[in-house]
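**Q** Just protein_23.txt, nothing more (compact mmCIF, C-alpha atoms and all ligand atoms):
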# COMPACT_ATOMS: atom_id res chain seq x y z
CA MET D 1 24.07 7.19 -31.34
CA GLN D 2 22.68 7.13 -27.85
CA ILE D 3 20.52 4.46 -26.28
CA ASN D 4 17.77 5.04 -23.76
CA GLU D 5 20.00 4.72 -20.72
CA ASN D 6 16.99 4.23 -18.47
CA PHE D 7 16.99 0.63 -19.67
CA LEU D 8 20.35 0.19 -17.96
CA ASN D 9 18.66 1.02 -14.66
CA LEU D 10 16.32 -1.97 -14.89
CA GLU D 11 16.93 -4.67 -12.35
CA GLN D 12 17.33 -8.08 -13.88
CA SER D 13 14.47 -10.33 -12.86
CA TYR D 14 15.63 -13.83 -12.05
CA LEU D 15 12.34 -14.91 -10.49
CA PHE D 16 10.87 -17.23 -13.11
CA SER D 17 14.20 -18.34 -14.55
CA THR D 18 15.43 -19.31 -11.06
CA ILE D 19 12.19 -21.20 -10.42
CA ALA D 20 12.57 -23.07 -13.73
CA GLN D 21 16.20 -23.87 -12.97
CA LYS D 22 15.45 -25.17 -9.46
CA VAL D 23 12.57 -27.30 -10.75
CA SER D 24 14.62 -28.82 -13.57
CA GLU D 25 17.46 -29.62 -11.16
CA PHE D 26 14.99 -31.27 -8.79
CA ILE D 27 13.52 -33.37 -11.62
CA LYS D 28 17.02 -34.46 -12.67
CA ASN D 29 17.65 -35.84 -9.19
CA ASN D 30 14.12 -37.16 -8.57
CA LYS D 31 13.02 -38.69 -11.85
CA ASP D 32 9.87 -40.33 -10.46
CA ALA D 33 8.55 -37.33 -8.54
CA LYS D 34 5.25 -35.86 -9.73
CA ILE D 35 5.62 -32.11 -9.55
CA ILE D 36 2.49 -29.98 -9.09
CA LYS D 37 2.85 -26.44 -10.36
CA LEU D 38 0.87 -23.81 -8.47
CA GLY D 39 3.18 -21.03 -9.46
CA ILE D 40 1.91 -19.95 -12.82
CA GLY D 41 -0.12 -16.82 -13.45
CA ASP D 42 -1.45 -18.23 -16.71
CA VAL D 43 -4.88 -19.76 -17.18
CA THR D 44 -5.30 -23.46 -17.98
CA LEU D 45 -8.92 -23.77 -19.17
CA PRO D 46 -9.44 -23.33 -22.94
CA LEU D 47 -11.48 -20.68 -24.73
CA THR D 48 -15.21 -21.27 -24.30
CA LYS D 49 -17.59 -22.57 -26.97
CA SER D 50 -19.19 -19.19 -27.68
CA VAL D 51 -15.79 -17.57 -28.18
CA VAL D 52 -14.54 -20.36 -30.45
CA ASN D 53 -17.76 -20.29 -32.51
CA ALA D 54 -17.60 -16.51 -32.93
CA MET D 55 -13.95 -16.65 -33.95
CA THR D 56 -14.58 -19.51 -36.39
CA LYS D 57 -17.38 -17.51 -38.00
CA ALA D 58 -15.07 -14.50 -38.20
CA VAL D 59 -12.34 -16.55 -39.87
CA LYS D 60 -14.86 -17.59 -42.54
CA GLU D 61 -15.87 -13.95 -43.07
CA MET D 62 -12.22 -13.03 -43.52
CA GLY D 63 -11.89 -15.70 -46.21
CA ASP D 64 -14.78 -14.39 -48.25
CA GLU D 65 -14.36 -11.32 -50.44
CA SER D 66 -17.82 -9.97 -49.62
CA THR D 67 -17.18 -9.97 -45.84
CA PHE D 68 -13.41 -9.57 -45.71
CA ARG D 69 -12.10 -6.73 -43.50
CA GLY D 70 -8.76 -5.00 -43.66
CA TYR D 71 -7.58 -2.38 -41.19
CA GLY D 72 -10.17 -1.77 -38.52
CA PRO D 73 -10.57 1.24 -36.25
CA GLU D 74 -7.45 1.58 -34.06
CA GLN D 75 -9.67 2.02 -31.00
CA GLY D 76 -11.64 -1.16 -31.66
CA TYR D 77 -14.86 -2.11 -33.43
CA ASP D 78 -18.10 -0.57 -32.23
CA PHE D 79 -19.66 -3.99 -31.62
CA LEU D 80 -17.10 -4.76 -28.89
CA LYS D 81 -17.08 -1.27 -27.41
CA ASP D 82 -20.89 -1.35 -27.25
CA ALA D 83 -20.79 -4.76 -25.55
CA LEU D 84 -18.39 -3.31 -22.97
CA LYS D 85 -20.50 -0.19 -22.55
CA ASN D 86 -23.49 -2.43 -21.74
CA TYR D 87 -21.38 -4.54 -19.40
CA TYR D 88 -20.35 -1.45 -17.44
CA GLU D 89 -23.97 -0.34 -17.36
CA THR D 90 -24.77 -3.52 -15.43
CA LYS D 91 -22.33 -2.23 -12.81
CA GLY D 92 -24.15 1.12 -12.76
CA ILE D 93 -21.36 2.83 -14.73
CA LEU D 94 -22.31 4.92 -17.75
CA LEU D 95 -19.57 5.18 -20.34
CA MET D 96 -19.45 6.61 -23.84
CA ALA D 97 -18.19 4.20 -26.49
CA ASP D 98 -15.34 6.57 -27.36
CA GLU D 99 -14.07 6.41 -23.79
CA ILE D 100 -13.26 2.72 -24.39
CA PHE D 101 -10.12 1.73 -26.31
CA ILE D 102 -9.73 -1.92 -27.29
CA SER D 103 -6.17 -3.17 -26.85
CA ASP D 104 -4.09 -6.30 -27.32
CA GLY D 105 -4.02 -6.72 -23.54
CA ALA D 106 -3.61 -4.75 -20.35
CA LYS D 107 0.16 -5.16 -20.17
CA SER D 108 0.77 -3.23 -23.41
CA ASP D 109 -1.44 -0.31 -22.45
CA LEU D 110 -0.09 -0.14 -18.89
CA GLY D 111 3.30 0.50 -20.46
CA ASN D 112 2.10 2.58 -23.42
CA ILE D 113 0.12 5.00 -21.27
CA LEU D 114 3.35 6.59 -20.10
CA ASP D 115 3.73 8.01 -23.63
CA ILE D 116 1.14 10.67 -22.80
CA PHE D 117 2.70 11.71 -19.49
CA GLY D 118 5.90 13.65 -18.95
CA ASP D 119 8.45 13.32 -16.21
CA GLY D 120 7.13 12.92 -12.71
CA THR D 121 6.78 10.62 -9.75
CA SER D 122 4.77 7.42 -9.68
CA LEU D 123 3.42 5.79 -6.55
CA ILE D 124 3.74 2.05 -6.97
CA PRO D 125 2.79 -0.60 -4.43
CA ASN D 126 5.41 -2.97 -3.03
CA PRO D 127 4.94 -5.91 -3.66
CA VAL D 128 3.64 -5.38 -7.18
CA TYR D 129 2.97 -6.77 -10.66
CA PRO D 130 6.48 -6.14 -12.06
CA ALA D 131 5.41 -4.39 -15.29
CA TYR D 132 4.36 -1.18 -13.46
CA LEU D 133 7.81 -0.67 -12.00
CA ASP D 134 9.82 -1.66 -15.05
CA THR D 135 7.84 0.56 -17.44
CA ASN D 136 8.41 3.51 -15.11
CA VAL D 137 12.13 2.79 -14.96
CA MET D 138 12.25 2.61 -18.78
CA ALA D 139 10.49 5.96 -18.98
CA GLY D 140 12.92 7.49 -16.49
CA ARG D 141 10.21 8.40 -14.02
CA LYS D 142 10.84 8.66 -10.30
CA VAL D 143 9.18 5.94 -8.23
CA ASN D 144 7.98 6.10 -4.64
CA PHE D 145 6.79 2.84 -3.16
CA LEU D 146 3.58 2.26 -1.26
CA ASP D 147 4.19 -0.19 1.54
CA GLY D 148 1.99 -3.25 1.39
CA ASN D 149 2.35 -5.28 4.58
CA GLU D 150 0.60 -7.54 7.03
CA LYS D 151 -0.72 -4.55 9.01
CA ASN D 152 -2.63 -3.13 6.04
CA ASN D 153 -3.47 -6.58 4.63
CA PHE D 154 -1.29 -5.67 1.63
CA LEU D 155 -3.70 -2.86 0.69
CA PRO D 156 -1.61 0.30 1.08
CA MET D 157 -3.50 3.55 1.64
CA PRO D 158 -2.37 7.10 0.84
CA GLU D 159 -0.27 9.02 3.29
CA ASP D 160 -0.33 12.81 3.33
CA GLY D 161 2.60 14.26 1.48
CA ALA D 162 3.30 11.06 -0.47
CA GLY D 163 2.82 13.05 -3.68
CA GLY D 164 2.80 11.07 -6.91
CA ASP D 165 1.29 12.36 -10.13
CA LEU D 166 0.55 8.78 -11.20
CA ILE D 167 -0.76 6.19 -8.75
CA TYR D 168 -0.88 2.50 -9.62
CA LEU D 169 -3.62 0.45 -7.98
CA CYS D 170 -4.48 -3.15 -8.79
CA SER D 171 -7.57 -4.77 -7.30
CA PRO D 172 -8.04 -7.71 -6.97
CA ASN D 173 -4.30 -7.68 -6.70
CA ASN D 174 -1.55 -9.65 -8.32
CA PRO D 175 0.45 -10.97 -6.48
CA THR D 176 -1.41 -10.65 -3.17
CA GLY D 177 -5.01 -11.40 -4.16
CA ALA D 178 -6.10 -8.61 -1.78
CA THR D 179 -9.10 -6.54 -2.88
CA TYR D 180 -9.82 -2.93 -1.96
CA THR D 181 -13.23 -2.01 -0.53
CA LYS D 182 -15.26 0.88 -1.96
CA GLU D 183 -14.45 2.92 1.14
CA GLN D 184 -10.72 2.40 0.64
CA LEU D 185 -10.88 3.29 -3.05
CA LYS D 186 -12.89 6.42 -2.18
CA ILE D 187 -9.97 7.52 0.02
CA TRP D 188 -7.62 6.99 -2.94
CA VAL D 189 -9.92 8.89 -5.31
CA ASP D 190 -10.17 11.81 -2.86
CA TYR D 191 -6.39 11.79 -2.48
CA ALA D 192 -5.89 11.81 -6.26
CA ILE D 193 -8.32 14.70 -6.76
CA LYS D 194 -6.72 16.72 -3.96
CA ASN D 195 -3.21 16.14 -5.34
CA ASN D 196 -4.05 16.44 -9.06
CA SER D 197 -2.87 12.84 -9.49
CA ILE D 198 -4.11 10.28 -11.99
CA ILE D 199 -4.91 6.77 -10.74
CA LEU D 200 -3.97 3.97 -13.14
CA PHE D 201 -6.38 1.26 -12.03
CA ASP D 202 -5.71 -2.31 -13.12
CA SER D 203 -8.86 -4.43 -12.93
CA ALA D 204 -7.50 -7.47 -14.79
CA TYR D 205 -8.98 -9.78 -12.13
CA GLU D 206 -12.38 -8.08 -11.79
CA ALA D 207 -14.25 -11.21 -12.91
CA PHE D 208 -13.07 -13.00 -9.76
CA VAL D 209 -14.88 -10.64 -7.40
CA ARG D 210 -17.81 -12.54 -5.93
CA ASN D 211 -18.50 -10.38 -2.87
CA PRO D 212 -21.18 -7.96 -4.16
CA ASP D 213 -19.97 -5.25 -1.76
CA LEU D 214 -16.51 -5.13 -3.33
CA PRO D 215 -15.88 -2.88 -6.35
CA THR D 216 -14.94 -4.36 -9.72
CA SER D 217 -14.20 -1.02 -11.36
CA ILE D 218 -12.72 2.26 -10.08
CA TYR D 219 -15.68 4.05 -11.67
CA GLU D 220 -17.98 2.60 -9.03
CA ILE D 221 -16.37 5.26 -6.84
CA GLU D 222 -17.76 8.79 -6.98
CA GLY D 223 -15.30 11.22 -8.54
CA ALA D 224 -13.20 8.54 -10.26
CA THR D 225 -14.09 9.65 -13.80
CA SER D 226 -12.16 12.85 -13.14
CA CYS D 227 -9.00 11.15 -11.84
CA ALA D 228 -8.68 7.55 -13.07
CA ILE D 229 -7.84 5.49 -16.12
CA GLU D 230 -8.90 1.84 -15.98
CA PHE D 231 -7.04 -1.04 -17.64
CA CYS D 232 -8.68 -4.41 -18.04
CA SER D 233 -8.24 -7.57 -19.99
CA PHE D 234 -10.00 -10.71 -21.16
CA SER D 235 -6.89 -12.74 -20.29
CA LYS D 236 -8.00 -13.98 -16.89
CA THR D 237 -11.73 -13.39 -17.41
CA ALA D 238 -12.02 -15.59 -20.48
CA GLY D 239 -8.73 -17.36 -21.07
CA PHE D 240 -7.39 -14.81 -23.58
CA THR D 241 -3.77 -14.88 -22.36
CA GLY D 242 -2.66 -16.28 -25.71
CA THR D 243 -5.43 -14.73 -27.80
CA ARG D 244 -4.64 -11.15 -26.66
CA CYS D 245 -7.43 -8.68 -26.06
CA GLY D 246 -8.12 -6.09 -23.41
CA TYR D 247 -9.31 -2.52 -23.06
CA THR D 248 -8.50 0.81 -21.50
CA ILE D 249 -11.02 3.37 -20.36
CA VAL D 250 -10.07 7.04 -20.55
CA PRO D 251 -13.06 9.17 -19.46
CA HIS D 252 -13.64 12.47 -21.29
CA GLN D 253 -13.58 14.31 -18.00
CA LEU D 254 -9.93 13.46 -17.39
CA ALA D 255 -7.65 16.41 -17.98
CA VAL D 256 -4.23 17.66 -17.01
CA LYS D 257 -4.49 21.44 -16.90
CA GLU D 258 -6.42 22.16 -20.15
CA THR D 259 -5.39 18.99 -21.99
CA ILE D 260 -8.03 16.29 -22.37
CA LEU D 261 -6.33 12.92 -21.85
CA ASN D 262 -8.83 11.00 -23.97
CA LYS D 263 -7.77 13.05 -27.02
CA LEU D 264 -4.10 12.53 -26.24
CA TRP D 265 -4.54 8.78 -25.88
CA LEU D 266 -6.57 8.61 -29.09
CA ARG D 267 -3.76 10.44 -30.88
CA ARG D 268 -1.20 8.07 -29.38
CA GLN D 269 -3.19 4.98 -30.38
CA THR D 270 -3.99 6.11 -33.92
CA THR D 271 -0.29 6.87 -34.42
CA LYS D 272 1.35 3.84 -32.85
CA PHE D 273 -1.30 1.09 -32.89
CA ASN D 274 -3.32 -0.47 -35.70
CA GLY D 275 -5.96 -2.26 -33.70
CA VAL D 276 -6.73 -5.77 -32.49
CA PRO D 277 -7.56 -8.42 -35.14
CA TYR D 278 -11.23 -8.55 -36.16
CA ILE D 279 -11.31 -12.29 -35.41
CA VAL D 280 -10.10 -11.72 -31.85
CA GLN D 281 -12.56 -8.88 -31.24
CA CYS D 282 -15.42 -11.12 -32.44
CA GLY D 283 -14.29 -13.72 -29.90
CA ALA D 284 -14.14 -11.08 -27.17
CA ALA D 285 -17.63 -9.78 -28.01
CA ALA D 286 -19.00 -13.32 -27.64
CA ILE D 287 -18.01 -13.23 -23.96
CA PHE D 288 -20.85 -10.76 -23.44
CA SER D 289 -23.61 -12.90 -24.97
CA PRO D 290 -25.83 -14.55 -22.33
CA GLU D 291 -24.25 -17.93 -23.14
CA GLY D 292 -20.76 -16.43 -23.10
CA GLN D 293 -21.34 -14.90 -19.68
CA LYS D 294 -22.54 -18.23 -18.31
CA GLU D 295 -19.50 -20.03 -19.70
CA ILE D 296 -16.92 -17.65 -18.31
CA LYS D 297 -18.64 -17.66 -14.93
CA THR D 298 -18.34 -21.45 -14.88
CA ASN D 299 -14.61 -21.21 -15.64
CA VAL D 300 -13.90 -18.46 -13.12
CA ASP D 301 -15.93 -20.39 -10.52
CA TYR D 302 -13.72 -23.40 -11.18
CA TYR D 303 -10.58 -21.38 -10.41
CA LEU D 304 -12.26 -19.81 -7.38
CA GLU D 305 -13.14 -23.25 -6.02
CA ASN D 306 -9.47 -24.19 -6.43
CA ALA D 307 -8.57 -21.00 -4.59
CA LYS D 308 -10.94 -21.91 -1.75
CA ILE D 309 -9.38 -25.36 -1.40
CA ILE D 310 -5.91 -23.79 -1.21
CA ARG D 311 -7.03 -21.03 1.14
CA ASP D 312 -8.86 -23.41 3.49
CA GLY D 313 -5.94 -25.85 3.46
CA PHE D 314 -3.37 -23.24 4.48
CA LYS D 315 -5.73 -21.68 7.01
CA GLU D 316 -6.20 -25.06 8.66
CA LEU D 317 -2.44 -25.24 8.99
CA GLY D 318 -2.45 -21.87 10.74
CA PHE D 319 -0.86 -19.79 7.98
CA TRP D 320 -1.51 -16.04 7.86
CA LEU D 321 -2.85 -15.25 4.38
CA VAL D 322 -4.84 -12.87 2.18
CA GLY D 323 -6.55 -13.38 -1.19
CA GLY D 324 -8.10 -16.47 -2.68
CA ASP D 325 -11.67 -15.38 -1.93
CA ASN D 326 -12.22 -12.84 -4.71
CA SER D 327 -9.04 -13.63 -6.55
CA PRO D 328 -7.13 -16.55 -8.07
CA TYR D 329 -4.06 -15.77 -5.92
CA ILE D 330 -3.37 -16.70 -2.32
CA TRP D 331 -0.63 -14.74 -0.59
CA LEU D 332 0.66 -16.40 2.53
CA LYS D 333 3.23 -15.72 5.17
CA CYS D 334 5.98 -18.33 5.23
CA LYS D 335 6.08 -20.40 8.39
CA ASP D 336 8.88 -21.26 10.78
CA GLY D 337 10.76 -18.04 9.99
CA LEU D 338 11.59 -19.22 6.47
CA ASP D 339 12.28 -16.60 3.83
CA SER D 340 10.50 -16.78 0.46
CA TRP D 341 13.14 -18.91 -1.28
CA ALA D 342 13.67 -21.25 1.69
CA PHE D 343 9.90 -21.81 1.73
CA PHE D 344 9.98 -22.45 -2.02
CA ASP D 345 12.72 -25.06 -1.52
CA LYS D 346 10.82 -26.75 1.30
CA LEU D 347 7.62 -27.04 -0.77
CA LEU D 348 9.55 -28.30 -3.79
CA ASN D 349 11.79 -30.78 -1.96
CA GLU D 350 9.29 -32.14 0.56
CA ALA D 351 5.89 -31.82 -1.17
CA HIS D 352 6.99 -31.57 -4.82
CA VAL D 353 4.82 -28.47 -5.16
CA VAL D 354 5.94 -25.30 -6.96
CA GLY D 355 4.78 -21.82 -5.97
CA THR D 356 6.18 -18.31 -6.40
CA PRO D 357 8.47 -16.65 -3.83
CA GLY D 358 6.91 -13.35 -2.75
CA VAL D 359 10.25 -11.57 -2.74
CA GLY D 360 10.19 -11.77 -6.54
CA PHE D 361 7.47 -9.10 -6.51
CA GLY D 362 9.37 -6.60 -4.39
CA SER D 363 11.23 -6.31 -1.11
CA ASN D 364 8.01 -6.28 0.93
CA GLY D 365 7.26 -9.72 -0.45
CA GLU D 366 10.21 -11.25 1.43
CA GLY D 367 8.92 -13.91 3.81
CA TYR D 368 5.71 -14.32 1.76
CA PHE D 369 4.64 -16.69 -0.97
CA ARG D 370 2.12 -16.67 -3.84
CA ILE D 371 0.04 -19.70 -4.72
CA SER D 372 -1.99 -19.62 -7.91
CA ALA D 373 -5.38 -21.29 -8.36
CA PHE D 374 -5.09 -21.52 -12.17
CA GLY D 375 -4.56 -25.25 -12.06
CA ASN D 376 -6.32 -28.53 -12.38
CA ARG D 377 -8.66 -29.51 -9.49
CA GLU D 378 -7.15 -32.92 -8.81
CA ASN D 379 -3.67 -31.42 -8.65
CA VAL D 380 -4.81 -28.68 -6.29
CA ILE D 381 -6.37 -31.22 -3.93
CA GLU D 382 -3.30 -33.44 -4.04
CA ALA D 383 -0.96 -30.48 -3.50
CA ILE D 384 -2.81 -29.43 -0.36
CA GLN D 385 -2.80 -33.02 0.95
CA ARG D 386 0.95 -33.18 0.47
CA ILE D 387 1.51 -29.79 2.08
CA LYS D 388 -0.55 -30.86 5.10
CA LYS D 389 1.88 -33.72 5.62
CA ILE D 390 4.93 -31.45 5.83
CA PHE D 391 3.60 -28.77 8.20
N1 LIG X 401 -2.29 -6.77 -14.93
C1 LIG X 401 -2.08 -7.71 -14.00
C2 LIG X 401 -2.22 -7.34 -12.58
C3 LIG X 401 -1.71 -9.01 -14.37
O1 LIG X 401 -1.49 -9.93 -13.43
C4 LIG X 401 -1.57 -9.31 -15.73
C5 LIG X 401 -1.17 -10.65 -16.18
O2 LIG X 401 -0.75 -11.51 -15.47
C6 LIG X 401 -1.79 -8.30 -16.65
C7 LIG X 401 -2.15 -7.04 -16.24
C8 LIG X 401 -1.56 -8.55 -18.12
O3 LIG X 401 -2.71 -8.84 -18.76
P1 LIG X 401 -2.74 -9.05 -20.32
O4 LIG X 401 -2.64 -10.51 -20.58
O5 LIG X 401 -4.07 -8.48 -20.72
O6 LIG X 401 -1.63 -8.28 -20.95
Translate this file's structure into structure tokens.
Ligand code: PLP
**A**
Amino acid sequence: MQINENFLNLEQSYLFSTIAQKVSEFIKNNKDAKIIKLGIGDVTLPLTKSVVNAMTKAVKEMGDESTFRGYGPEQGYDFLKDALKNYYETKGILLMADEIFISDGAKSDLGNILDIFGDGTSLIPNPVYPAYLDTNVMAGRKVNFLDGNEKNNFLPMPEDGAGGDLIYLCSPNNPTGATYTKEQLKIWVDYAIKNNSIILFDSAYEAFVRNPDLPTSIYEIEGATSCAIEFCSFSKTAGFTGTRCGYTIVPHQLAVKETILNKLWLRRQTTKFNGVPYIVQCGAAAIFSPEGQKEIKTNVDYYLENAKIIRDGFKELGFWLVGGDNSPYIWLKCKDGLDSWAFFDKLLNEAHVVGTPGVGFGSNGEGYFRISAFGNRENVIEAIQRIKKIF
């Protein structure tokens, strides 16, 4: 018996466990302190009315013999794929329904997609959403890092000779909140086409883009349908982190030599996946009703207002930062020469505020810090007031 030894090459992540341990120790010694958590990447607002109503109706259908449904199509129900097709049309992107694959979230598909690719080299940004790196290590692929830094505003661009048959891009970005422009993405698309690479584009935070000049999908870029797969999710758009639904777009045009990737992915999904629950897909489809769109905009606006308060607060204090304008994350440079963990300790001990040390997202995150806007307004305001007192 042999195990997949690639798993032994994974680096243990102590980021969130260390945070939890430090916070619990602090609480033990400071029983009356009110801790404000601005570290989480999870949403806090509940599912909206339209979603809950649609899911409640679906539950009733499932409990009635005449409307009960068993296995659904592995790729998702037409009603949700059509809703997505129409949504993309509003962005000027024409998709075929069978280019859209409904999933139980972006994280699963970002890992699963490696099933259809062989050995090779992936270009992965540093700092990065950890799942990209770990899934590549598990698959035994070689990884070259793309340097995100202050000079490029944490938006790395291609360098000639960097190679990479798979390229991971995430915009708006987690953890940095930085968002690529159309011009920058066009450079990436041209690079991918020239190098026969495939871009794996993660648009999980697309709903936070408010600047109309910024792209919310890679397919807004000419040529992208021949070199990019897009992964998205209702997690951050509509509070589906616990409900689980997302989608992956694999255009028909995408091919490696003569092999059409859409067919390969369909084969993978129909073999290893049995679809997202009908009830959940009904809830997801409700996001695209006029009422549903209004509701999620209200919720995303709430988080964005939090982000603005955080961003403005740190800017006033003279911090260098990116993100927070078209994203729920603010990525700031630690002050006074503190490294990420020393900054974490200072915020916790002196302001009783918890954030996320940037170094937890890769070596280029050392000396940086992520603040999340997925919190409650009063807490955000109070956290900034406290932070202003200590800097
Ligand atoms: N991609 C990015 C960049 C994320 O930050 C997250 C969640 O935090 C995901 C994907 C995962 O999304 P899902 O909940 O759809 O699996």
**Q** Could you check which of D:Leu10, D:Leu155, D:Leu114, D:Leu38 is closest to Trp265 (chain D), using all atoms listed in the file?
**A**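 With all atoms listed in the file as the atom set, the closest residue is D:Leu114.
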**Q** Counting only C-alpha atoms, find residues at most 12 Å from (-19.8, -18.1, -21.5) (file frame) and give them as a PyMOL selection string.
**A** chain D and resi 46-54+237-239+283-301
**Q** Pick out the residues no farther than 8 Å from ligand LIG 401 (chain X), counting all atoms listed in the file, and list them as a PyMOL selection string.
**A** chain D and resi 41-42+104-108+110+129+170-171+173-175+202-205+231-236+240-242+244-246
**Q** Name the residues in contact with region 179-196 of chain D at a cut-off of 6 Å, using all atoms listed in the file, excluding same-chain residues fewer than 4 positions from it; report them as number ranges by chain.
**A** D: 171-172, 214-215, 221, 224
**Q** Select all residues near (-9.2, -2.3, -39.4) (cut-off 12 Å, inclusive, file coordinates), counting all atoms listed in the file, and output them as a compact mmCIF listing (two decimals) with C-alpha atoms, in the frame of the given file.
**A**
# COMPACT_ATOMS: atom_id res chain seq x y z
CA MET D 62 -12.22 -13.03 -43.52
CA PHE D 68 -13.41 -9.57 -45.71
CA ARG D 69 -12.10 -6.73 -43.50
CA GLY D 70 -8.76 -5.00 -43.66
CA TYR D 71 -7.58 -2.38 -41.19
CA GLY D 72 -10.17 -1.77 -38.52
CA PRO D 73 -10.57 1.24 -36.25
CA GLU D 74 -7.45 1.58 -34.06
CA GLN D 75 -9.67 2.02 -31.00
CA GLY D 76 -11.64 -1.16 -31.66
CA TYR D 77 -14.86 -2.11 -33.43
CA ASP D 78 -18.10 -0.57 -32.23
CA THR D 270 -3.99 6.11 -33.92
CA PHE D 273 -1.30 1.09 -32.89
CA ASN D 274 -3.32 -0.47 -35.70
CA GLY D 275 -5.96 -2.26 -33.70
CA VAL D 276 -6.73 -5.77 -32.49
CA PRO D 277 -7.56 -8.42 -35.14
CA TYR D 278 -11.23 -8.55 -36.16
CA ILE D 279 -11.31 -12.29 -35.41
CA GLN D 281 -12.56 -8.88 -31.24
**Q** Provide the CA of Glu159 (chain D) to CA of Pro127 (chain D) distance in Å, to one decimal place.
**A**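 CA of Pro127 (chain D) lies 17.3 Å from CA of Glu159 (chain D).
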**Q** Please output region 184-196 of chain D, rebuilt to include N, CA, C and O atoms, as a PDB file, in the coordinates of the input.
**A**
ATOM      1  N   GLN D 184     -12.169   2.191   0.821  1.00  0.00           N
ATOM      2  CA  GLN D 184     -10.720   2.400   0.640  1.00  0.00           C
ATOM      3  C   GLN D 184     -10.430   3.092  -0.697  1.00  0.00           C
ATOM      4  O   GLN D 184      -9.608   4.005  -0.768  1.00  0.00           O
ATOM      5  N   LEU D 185     -11.122   2.655  -1.739  1.00  0.00           N
ATOM      6  CA  LEU D 185     -10.880   3.290  -3.050  1.00  0.00           C
ATOM      7  C   LEU D 185     -11.348   4.742  -3.049  1.00  0.00           C
ATOM      8  O   LEU D 185     -10.767   5.591  -3.720  1.00  0.00           O
ATOM      9  N   LYS D 186     -12.408   5.026  -2.261  1.00  0.00           N
ATOM     10  CA  LYS D 186     -12.890   6.420  -2.180  1.00  0.00           C
ATOM     11  C   LYS D 186     -11.785   7.302  -1.572  1.00  0.00           C
ATOM     12  O   LYS D 186     -11.566   8.436  -2.016  1.00  0.00           O
ATOM     13  N   ILE D 187     -11.078   6.762  -0.593  1.00  0.00           N
ATOM     14  CA  ILE D 187      -9.970   7.520   0.020  1.00  0.00           C
ATOM     15  C   ILE D 187      -8.890   7.794  -1.037  1.00  0.00           C
ATOM     16  O   ILE D 187      -8.346   8.892  -1.126  1.00  0.00           O
ATOM     17  N   TRP D 188      -8.607   6.801  -1.877  1.00  0.00           N
ATOM     18  CA  TRP D 188      -7.620   6.990  -2.940  1.00  0.00           C
ATOM     19  C   TRP D 188      -8.086   8.024  -3.964  1.00  0.00           C
ATOM     20  O   TRP D 188      -7.313   8.864  -4.425  1.00  0.00           O
ATOM     21  N   VAL D 189      -9.379   7.939  -4.328  1.00  0.00           N
ATOM     22  CA  VAL D 189      -9.920   8.890  -5.310  1.00  0.00           C
ATOM     23  C   VAL D 189      -9.843  10.314  -4.746  1.00  0.00           C
ATOM     24  O   VAL D 189      -9.410  11.256  -5.428  1.00  0.00           O
ATOM     25  N   ASP D 190     -10.235  10.473  -3.487  1.00  0.00           N
ATOM     26  CA  ASP D 190     -10.170  11.810  -2.860  1.00  0.00           C
ATOM     27  C   ASP D 190      -8.734  12.314  -2.824  1.00  0.00           C
ATOM     28  O   ASP D 190      -8.473  13.488  -3.077  1.00  0.00           O
ATOM     29  N   TYR D 191      -7.810  11.414  -2.525  1.00  0.00           N
ATOM     30  CA  TYR D 191      -6.390  11.790  -2.480  1.00  0.00           C
ATOM     31  C   TYR D 191      -5.924  12.252  -3.867  1.00  0.00           C
ATOM     32  O   TYR D 191      -5.246  13.269  -4.014  1.00  0.00           O
ATOM     33  N   ALA D 192      -6.322  11.485  -4.888  1.00  0.00           N
ATOM     34  CA  ALA D 192      -5.890  11.810  -6.260  1.00  0.00           C
ATOM     35  C   ALA D 192      -6.444  13.171  -6.678  1.00  0.00           C
ATOM     36  O   ALA D 192      -5.731  13.993  -7.264  1.00  0.00           O
ATOM     37  N   ILE D 193      -7.702  13.417  -6.362  1.00  0.00           N
ATOM     38  CA  ILE D 193      -8.320  14.700  -6.760  1.00  0.00           C
ATOM     39  C   ILE D 193      -7.608  15.847  -6.035  1.00  0.00           C
ATOM     40  O   ILE D 193      -7.248  16.861  -6.651  1.00  0.00           O
ATOM     41  N   LYS D 194      -7.370  15.656  -4.747  1.00  0.00           N
ATOM     42  CA  LYS D 194      -6.720  16.720  -3.960  1.00  0.00           C
ATOM     43  C   LYS D 194      -5.295  17.014  -4.466  1.00  0.00           C
ATOM     44  O   LYS D 194      -4.854  18.160  -4.463  1.00  0.00           O
ATOM     45  N   ASN D 195      -4.611  15.978  -4.925  1.00  0.00           N
ATOM     46  CA  ASN D 195      -3.210  16.140  -5.340  1.00  0.00           C
ATOM     47  C   ASN D 195      -3.013  16.272  -6.845  1.00  0.00           C
ATOM     48  O   ASN D 195      -1.881  16.230  -7.316  1.00  0.00           O
ATOM     49  N   ASN D 196      -4.127  16.410  -7.582  1.00  0.00           N
ATOM     50  CA  ASN D 196      -4.050  16.440  -9.060  1.00  0.00           C
ATOM     51  C   ASN D 196      -3.283  15.235  -9.604  1.00  0.00           C
ATOM     52  O   ASN D 196      -2.471  15.357 -10.529  1.00  0.00           O
TER      53      ASN D 196
END
